[in-house]
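The next block is final25.pdb, given as PDB, C-alpha atoms, pLDDT in the B column.
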ATOM      1  CA  MET A  40     -66.157 106.852  -5.817  1.00 55.00           C
ATOM      2  CA  GLN A  41     -64.234 104.352  -3.694  1.00 54.00           C
ATOM      3  CA  ARG A  42     -66.850 104.545  -0.955  1.00 52.00           C
ATOM      4  CA  VAL A  43     -69.639 103.921  -3.449  1.00 52.00           C
ATOM      5  CA  TRP A  44     -68.041 100.679  -4.612  1.00 52.00           C
ATOM      6  CA  ARG A  45     -67.528  99.387  -1.117  1.00 53.00           C
ATOM      7  CA  TYR A  46     -71.291  99.653  -0.655  1.00 47.00           C
ATOM      8  CA  VAL A  47     -71.895  97.952  -4.015  1.00 53.00           C
ATOM      9  CA  VAL A  48     -69.590  95.082  -3.074  1.00 55.00           C
ATOM     10  CA  LEU A  49     -71.063  94.871   0.421  1.00 53.00           C
ATOM     11  CA  GLY A  50     -74.562  94.778  -1.047  1.00 54.00           C
ATOM     12  CA  ALA A  51     -73.540  92.100  -3.522  1.00 55.00           C
ATOM     13  CA  VAL A  52     -72.077  89.945  -0.774  1.00 55.00           C
ATOM     14  CA  MET A  53     -75.143  90.388   1.399  1.00 54.00           C
ATOM     15  CA  SER A  54     -77.385  89.336  -1.491  1.00 56.00           C
ATOM     16  CA  LEU A  55     -75.664  85.961  -1.803  1.00 55.00           C
ATOM     17  CA  PRO A  56     -77.939  83.072  -0.961  1.00 55.00           C
ATOM     18  CA  MET A  57     -78.045  82.582   2.780  1.00 52.00           C
ATOM     19  CA  ALA A  58     -79.672  79.147   2.727  1.00 53.00           C
ATOM     20  CA  CYS A  59     -76.385  77.339   3.173  1.00 54.00           C
ATOM     21  CA  LYS A  60     -75.410  79.464   6.223  1.00 75.00           C
ATOM     22  CA  LYS A  61     -71.743  79.487   5.295  1.00 89.00           C
ATOM     23  CA  ALA A  62     -69.500  82.391   4.426  1.00 92.00           C
ATOM     24  CA  PRO A  63     -69.260  83.176   0.709  1.00 95.00           C
ATOM     25  CA  THR A  64     -66.094  82.033  -1.005  1.00 96.00           C
ATOM     26  CA  PRO A  65     -63.648  84.529  -2.514  1.00 97.00           C
ATOM     27  CA  ALA A  66     -64.793  83.356  -5.966  1.00 98.00           C
ATOM     28  CA  GLU A  67     -68.433  84.116  -5.095  1.00 98.00           C
ATOM     29  CA  ILE A  68     -67.532  87.551  -3.768  1.00 98.00           C
ATOM     30  CA  ALA A  69     -65.488  88.333  -6.893  1.00 98.00           C
ATOM     31  CA  ALA A  70     -68.359  87.134  -9.110  1.00 98.00           C
ATOM     32  CA  HIS A  71     -70.916  89.353  -7.422  1.00 98.00           C
ATOM     33  CA  ALA A  72     -68.524  92.312  -7.561  1.00 98.00           C
ATOM     34  CA  ALA A  73     -67.964  91.802 -11.310  1.00 98.00           C
ATOM     35  CA  LYS A  74     -71.697  91.541 -11.938  1.00 98.00           C
ATOM     36  CA  GLY A  75     -72.242  94.670  -9.851  1.00 97.00           C
ATOM     37  CA  TYR A  76     -69.735  96.629 -11.923  1.00 98.00           C
ATOM     38  CA  TYR A  77     -71.452  95.593 -15.156  1.00 98.00           C
ATOM     39  CA  ASP A  78     -74.858  96.384 -13.693  1.00 98.00           C
ATOM     40  CA  GLN A  79     -73.527  99.903 -13.005  1.00 97.00           C
ATOM     41  CA  LEU A  80     -72.309 100.125 -16.602  1.00 97.00           C
ATOM     42  CA  LEU A  81     -75.712  99.148 -17.962  1.00 96.00           C
ATOM     43  CA  ALA A  82     -77.359 101.698 -15.655  1.00 97.00           C
ATOM     44  CA  GLY A  83     -75.273 104.428 -17.323  1.00 97.00           C
ATOM     45  CA  LYS A  84     -73.060 104.951 -14.275  1.00 97.00           C
ATOM     46  CA  TYR A  85     -69.835 105.087 -16.273  1.00 97.00           C
ATOM     47  CA  GLU A  86     -67.843 106.837 -13.547  1.00 96.00           C
ATOM     48  CA  ASP A  87     -68.729 104.088 -11.096  1.00 96.00           C
ATOM     49  CA  PHE A  88     -67.866 101.377 -13.626  1.00 97.00           C
ATOM     50  CA  VAL A  89     -64.437 102.918 -14.201  1.00 97.00           C
ATOM     51  CA  ALA A  90     -63.948 103.318 -10.428  1.00 95.00           C
ATOM     52  CA  GLY A  91     -64.305  99.530 -10.187  1.00 96.00           C
ATOM     53  CA  THR A  92     -61.200  99.053 -12.341  1.00 95.00           C
ATOM     54  CA  TYR A  93     -57.975  98.377 -10.480  1.00 95.00           C
ATOM     55  CA  MET A  94     -55.409 101.079 -11.055  1.00 92.00           C
ATOM     56  CA  PRO A  95     -52.373 100.852  -8.787  1.00 85.00           C
ATOM     57  CA  TYR A  96     -51.535 104.522  -9.321  1.00 88.00           C
ATOM     58  CA  LYS A  97     -53.595 107.684  -9.526  1.00 90.00           C
ATOM     59  CA  ILE A  98     -54.417 108.423 -13.136  1.00 92.00           C
ATOM     60  CA  PRO A  99     -54.917 111.850 -14.715  1.00 95.00           C
ATOM     61  CA  ASP A 100     -58.493 113.090 -14.945  1.00 94.00           C
ATOM     62  CA  SER A 101     -58.171 113.239 -18.740  1.00 96.00           C
ATOM     63  CA  TYR A 102     -57.374 109.505 -18.864  1.00 96.00           C
ATOM     64  CA  ARG A 103     -60.240 108.677 -16.477  1.00 96.00           C
ATOM     65  CA  LYS A 104     -62.562 110.652 -18.784  1.00 97.00           C
ATOM     66  CA  GLN A 105     -61.310 108.635 -21.772  1.00 97.00           C
ATOM     67  CA  LEU A 106     -62.071 105.397 -19.921  1.00 97.00           C
ATOM     68  CA  GLU A 107     -65.581 106.656 -19.135  1.00 97.00           C
ATOM     69  CA  ASP A 108     -66.074 107.620 -22.787  1.00 98.00           C
ATOM     70  CA  ASN A 109     -64.885 104.143 -23.849  1.00 98.00           C
ATOM     71  CA  ALA A 110     -67.437 102.549 -21.506  1.00 98.00           C
ATOM     72  CA  ARG A 111     -70.177 104.781 -22.958  1.00 98.00           C
ATOM     73  CA  MET A 112     -69.130 103.829 -26.511  1.00 98.00           C
ATOM     74  CA  PHE A 113     -69.122 100.112 -25.602  1.00 97.00           C
ATOM     75  CA  VAL A 114     -72.719 100.336 -24.374  1.00 97.00           C
ATOM     76  CA  ALA A 115     -73.738 102.269 -27.504  1.00 97.00           C
ATOM     77  CA  GLN A 116     -72.029  99.702 -29.733  1.00 98.00           C
ATOM     78  CA  GLN A 117     -73.852  96.832 -28.007  1.00 97.00           C
ATOM     79  CA  GLU A 118     -77.124  98.729 -28.452  1.00 97.00           C
ATOM     80  CA  GLN A 119     -76.442  99.129 -32.158  1.00 97.00           C
ATOM     81  CA  GLU A 120     -75.238  95.554 -32.773  1.00 97.00           C
ATOM     82  CA  HIS A 121     -77.500  93.561 -30.427  1.00 97.00           C
ATOM     83  CA  ARG A 122     -80.227  95.942 -29.230  1.00 97.00           C
ATOM     84  CA  GLY A 123     -78.264  96.320 -26.010  1.00 97.00           C
ATOM     85  CA  ILE A 124     -77.237  94.110 -23.130  1.00 97.00           C
ATOM     86  CA  LYS A 125     -80.456  93.410 -21.265  1.00 97.00           C
ATOM     87  CA  LYS A 126     -79.153  91.224 -18.455  1.00 97.00           C
ATOM     88  CA  VAL A 127     -75.886  90.093 -16.886  1.00 98.00           C
ATOM     89  CA  LYS A 128     -75.760  86.709 -15.165  1.00 98.00           C
ATOM     90  CA  ILE A 129     -73.002  84.951 -13.265  1.00 98.00           C
ATOM     91  CA  LEU A 130     -71.980  81.679 -14.894  1.00 98.00           C
ATOM     92  CA  ASP A 131     -68.929  80.665 -12.826  1.00 98.00           C
ATOM     93  CA  ALA A 132     -65.886  82.000 -11.005  1.00 98.00           C
ATOM     94  CA  LYS A 133     -62.483  80.597 -10.119  1.00 98.00           C
ATOM     95  CA  ALA A 134     -60.279  82.302  -7.543  1.00 98.00           C
ATOM     96  CA  ASP A 135     -56.611  81.895  -6.643  1.00 97.00           C
ATOM     97  CA  THR A 136     -56.599  82.989  -3.006  1.00 95.00           C
ATOM     98  CA  LEU A 137     -52.799  83.011  -2.751  1.00 96.00           C
ATOM     99  CA  LYS A 138     -52.459  85.487  -5.610  1.00 97.00           C
ATOM    100  CA  HIS A 139     -55.702  87.384  -4.775  1.00 97.00           C
ATOM    101  CA  VAL A 140     -57.004  87.058  -8.330  1.00 98.00           C
ATOM    102  CA  ALA A 141     -60.066  85.501  -9.915  1.00 98.00           C
ATOM    103  CA  ASN A 142     -61.622  84.881 -13.307  1.00 98.00           C
ATOM    104  CA  VAL A 143     -65.340  85.522 -13.357  1.00 98.00           C
ATOM    105  CA  TYR A 144     -67.445  84.152 -16.182  1.00 98.00           C
ATOM    106  CA  LEU A 145     -70.521  86.207 -16.969  1.00 98.00           C
ATOM    107  CA  ILE A 146     -73.292  85.745 -19.510  1.00 98.00           C
ATOM    108  CA  PHE A 147     -74.475  88.828 -21.379  1.00 98.00           C
ATOM    109  CA  GLU A 148     -78.057  88.437 -22.583  1.00 98.00           C
ATOM    110  CA  TYR A 149     -78.729  90.771 -25.492  1.00 97.00           C
ATOM    111  CA  GLY A 150     -81.913  92.393 -26.736  1.00 96.00           C
ATOM    112  CA  ASP A 151     -81.738  90.374 -29.961  1.00 97.00           C
ATOM    113  CA  SER A 152     -82.030  87.121 -27.931  1.00 96.00           C
ATOM    114  CA  THR A 153     -78.366  86.173 -28.325  1.00 97.00           C
ATOM    115  CA  ARG A 154     -76.052  85.445 -25.429  1.00 97.00           C
ATOM    116  CA  GLU A 155     -72.328  85.793 -24.945  1.00 97.00           C
ATOM    117  CA  GLU A 156     -69.992  84.393 -22.311  1.00 98.00           C
ATOM    118  CA  VAL A 157     -67.285  86.799 -21.167  1.00 97.00           C
ATOM    119  CA  CYS A 158     -64.373  86.318 -18.798  1.00 98.00           C
ATOM    120  CA  VAL A 159     -63.727  89.179 -16.389  1.00 98.00           C
ATOM    121  CA  PRO A 160     -60.322  89.038 -14.685  1.00 98.00           C
ATOM    122  CA  MET A 161     -60.501  90.351 -11.116  1.00 98.00           C
ATOM    123  CA  VAL A 162     -57.936  91.336  -8.500  1.00 98.00           C
ATOM    124  CA  GLU A 163     -58.456  91.792  -4.769  1.00 97.00           C
ATOM    125  CA  LYS A 164     -56.747  94.666  -2.985  1.00 96.00           C
ATOM    126  CA  LYS A 165     -57.379  95.460   0.683  1.00 93.00           C
ATOM    127  CA  GLY A 166     -60.510  93.342   0.752  1.00 93.00           C
ATOM    128  CA  VAL A 167     -62.122  94.885  -2.353  1.00 96.00           C
ATOM    129  CA  TRP A 168     -62.445  93.077  -5.691  1.00 98.00           C
ATOM    130  CA  TYR A 169     -61.714  95.148  -8.816  1.00 97.00           C
ATOM    131  CA  THR A 170     -61.768  94.375 -12.527  1.00 97.00           C
ATOM    132  CA  ARG A 171     -58.376  94.276 -14.230  1.00 93.00           C
TER     133      ARG A 171
END

Any chance you could give the structure as structure tokens?
Amino acid sequence: MQRVWRYVVLGAVMSLPMACKKAPTPAEIAAHAAKGYYDQLLAGKYEDFVAGTYMPYKIPDSYRKQLEDNARMFVAQQEQEHRGIKKVKILDAKADTLKHVANVYLIFEYGDSTREEVCVPMVEKKGVWYTR
């Protein structure tokens, strides 16, 4: 799982606009990582979504399964209440580089034409951004 997410994050960073020819900021990297995790969730890749959550210690398989089931239930609930999340967009991101944390603001666009802004707290460990 860990290896999969490194490729997701690498792909997200590489997809950042290259017109400005400067290195992406930590906030931009965190934002694209957060969006990538939610894109995995919407694609039904619940294991990958949970793997993108920072856990400082190894967790039991039974707890990991519960987290995956919770992710599945969240998607089903959004489908029932809003005809699903159809698109995730990055609105903004603020990073504290000294503490290796960021808040990423995403917009969920629902199937019923409503939108919701959500804040996704992120933490960076060993060069990889994870949701908290």

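Excluding region 145-160 of chain A itself and same-chain residues fewer than 6 positions from it, the residues having an atom within 8 Å of it are Ala73, Lys74, His121, Arg122, Gly123, Ile124, Lys125, Lys126, Val127, Lys128, Ile129, Leu130, Asp131, Thr170 and Arg171 of chain A, counting all atoms listed in the file.
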
Checklist line | Between CA of Pro95 (chain A) and CA of Leu80 (chain A), distance in Å (one decimal) | finding: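 Computed distance, CA of Pro95 (chain A) to CA of Leu80 (chain A), equals 21.4 Å.
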
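For the set A:Leu81, A:Glu86, A:Lys60, A:Ala69, the residue with the smallest atom-to-atom gap to Val140 (chain A) is A:Ala69, counting only C-alpha atoms.
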
Note to self: Every residue with an atom at most 12 Å from (-66.0, 103.8, -20.3) (file coordinates; only C-alpha atoms) is what I'm after, so could you write them as a ChimeraX atom specification?
What the structure shows: /A:76-77,79-81,83-92,102-116

Notebook entry, point to check: So how many Å separate CA of His71 (chain A) and CA of Glu120 (chain A), to one decimal?
Noted result: 26.5 Å

Margin query: Which polymer residues, whether protein, DNA or RNA, lie within 12 Å of the coordinate (-66.7, 80.6, -6.1) when you count all atoms listed in the file? List them as JSON, numbers by chain, using the chain letters and numbers from the file.
Written below: {"A": [55, 62, 63, 64, 65, 66, 67, 68, 69, 70, 71, 72, 129, 130, 131, 132, 133, 134, 135, 136, 140, 141, 142, 143, 144]}
